[in-house]
Structure formats: structure tokens, C-alpha cells
file input.cif (mmCIF, C-alpha atoms)
data_my_file
#
loop_
_atom_site.group_PDB
_atom_site.id
_atom_site.type_symbol
_atom_site.label_atom_id
_atom_site.label_comp_id
_atom_site.auth_asym_id
_atom_site.auth_seq_id
_atom_site.Cartn_x
_atom_site.Cartn_y
_atom_site.Cartn_z
ATOM 1 C CA MET A 1 119.273 122.105 70.108
ATOM 2 C CA GLN A 2 116.516 124.562 71.012
ATOM 3 C CA GLU A 3 113.846 122.013 70.033
ATOM 4 C CA ASN A 4 115.434 119.325 72.233
ATOM 5 C CA LEU A 5 115.525 121.677 75.206
ATOM 6 C CA GLU A 6 111.911 122.672 74.619
ATOM 7 C CA LEU A 7 110.873 119.014 74.434
ATOM 8 C CA PHE A 8 112.757 118.269 77.656
ATOM 9 C CA PHE A 9 110.968 121.031 79.547
ATOM 10 C CA ARG A 10 107.589 119.951 78.176
ATOM 11 C CA ALA A 11 108.238 116.392 79.357
ATOM 12 C CA LEU A 12 109.370 117.678 82.755
ATOM 13 C CA ALA A 13 106.229 119.809 83.047
ATOM 14 C CA LEU A 14 104.081 116.803 82.159
ATOM 15 C CA ALA A 15 105.768 114.653 84.829
ATOM 16 C CA ILE A 16 105.246 117.366 87.451
ATOM 17 C CA ALA A 17 101.620 117.815 86.375
ATOM 18 C CA LEU A 18 100.914 114.073 86.630
ATOM 19 C CA GLU A 19 102.377 113.823 90.110
ATOM 20 C CA SER A 20 100.586 116.984 91.235
ATOM 21 C CA PHE A 21 97.342 115.565 89.854
ATOM 22 C CA CYS A 22 97.707 112.523 92.116
ATOM 23 C CA TRP A 23 98.433 114.699 95.167
ATOM 24 C CA ALA A 24 95.484 116.983 94.406
ATOM 25 C CA LEU A 25 92.958 114.164 94.005
ATOM 26 C CA PHE A 26 94.253 111.524 96.425
ATOM 27 C CA PRO A 27 96.325 113.142 99.212
ATOM 28 C CA SER A 28 95.582 110.490 101.849
ATOM 29 C CA LEU A 29 96.386 107.660 99.426
ATOM 30 C CA MET A 30 99.664 109.332 98.493
ATOM 31 C CA ARG A 31 100.581 109.630 102.196
ATOM 32 C CA LYS A 32 99.771 105.939 102.668
ATOM 33 C CA ILE A 33 101.939 104.966 99.688
ATOM 34 C CA ILE A 34 104.850 107.053 100.977
ATOM 35 C CA SER A 35 104.586 105.535 104.470
ATOM 36 C CA GLN A 36 104.666 102.055 102.885
ATOM 37 C CA LEU A 37 107.709 103.017 100.820
ATOM 38 C CA LEU A 38 109.538 104.150 103.951
ATOM 39 C CA GLU A 39 109.231 100.612 105.317
ATOM 40 C CA GLU A 40 110.698 98.957 102.199
ATOM 41 C CA PRO A 41 114.373 97.974 102.215
ATOM 42 C CA ASP A 42 116.793 99.943 100.058
ATOM 43 C CA SER A 43 117.357 96.961 97.771
ATOM 44 C CA THR A 44 113.662 96.830 96.829
ATOM 45 C CA LEU A 45 113.587 100.554 96.103
ATOM 46 C CA ARG A 46 116.753 100.267 93.988
ATOM 47 C CA ILE A 47 115.203 97.468 91.931
ATOM 48 C CA ALA A 48 112.002 99.464 91.437
ATOM 49 C CA GLY A 49 113.955 102.582 90.472
ATOM 50 C CA SER A 50 116.201 100.688 88.078
ATOM 51 C CA THR A 51 113.196 99.006 86.477
ATOM 52 C CA GLY A 52 111.549 102.391 85.989
ATOM 53 C CA LEU A 53 114.698 103.800 84.392
ATOM 54 C CA VAL A 54 115.004 100.871 81.991
ATOM 55 C CA LEU A 55 111.324 101.091 81.080
ATOM 56 C CA ALA A 56 111.569 104.838 80.447
ATOM 57 C CA ALA A 57 114.671 104.355 78.298
ATOM 58 C CA LEU A 58 112.950 101.647 76.247
ATOM 59 C CA ILE A 59 109.890 103.822 75.718
ATOM 60 C CA ALA A 60 112.052 106.767 74.672
ATOM 61 C CA PHE A 61 114.036 104.541 72.323
ATOM 62 C CA PHE A 62 111.017 103.020 70.594
ATOM 63 C CA VAL A 63 109.089 106.296 70.338
ATOM 64 C CA SER A 64 111.923 108.185 68.665
#
call {"tool": "encode", "arguments": {"input": "input.cif", "output": "C-alpha cells"}}
result
Amino acid sequence: MQENLELFFRALALAIALESFCWALFPSLMRKIISQLLEEPDSTLRIAGSTGLVLAALIAFFVS
């Protein structure tokens, strides 16, 4: 159980680091992307989010 929790927090730290990396190097591009996302309909964002979840689950399944 301890190993699973440690792995979870390492993965969380990696995700935060990757997003922070993008904000540190490309702040104006990130603002532009967010402003474009605000204009997208909810249905498009739901599809993108669901696709990301399925992709992440498949990666986790095949890696383990």
C-alpha cells in the first residue's frame, strides 16, 4: 500500500511539473490556449476530457 501511495504522489508531482514547465516557458501561448478553450462548447470539452481519461487508462493498463 505504501508503494502505491508513493507512486501516486510521484505521478502527481510529474504532472504538476510538466504543466508548470509549459507555463514557465510559454506563458503567452498558454494564455492563448486557455482563451480558445473558453470559447469551445461544453460538449467539445467533455469529449476531449473523456478521450484523455480513456487514453490515460489504456496507458496505465498496458504499462502495468
call {"tool": "atom_distance", "arguments": {"input": "input.cif", "atom1": "atom CA of Ala11 of chain A", "atom2": "atom CA of Ile59 of chain A"}}
result
13.2 Å
call {"tool": "atom_distance", "arguments": {"input": "input.cif", "atom1": "atom CA of Gly49 of chain A", "atom2": "atom CA of Ile34 of chain A"}}
result
14.6 Å
call {"tool": "axis_aligned_box", "arguments": {"input": "input.cif", "around": "segment 42-59 of chain A", "padding_each_side": "8 Å", "output": "lines of an AutoDock Vina configuration file"}}
result
center_x = 113.6
center_y = 100.8
center_z = 87.9
size_x = 23.5
size_y = 24.0
size_z = 40.3
call {"tool": "atom_distance", "arguments": {"input": "input.cif", "atom1": "atom CA of Ala15 of chain A", "atom2": "atom CA of Leu55 of chain A"}}
result
15.1 Å
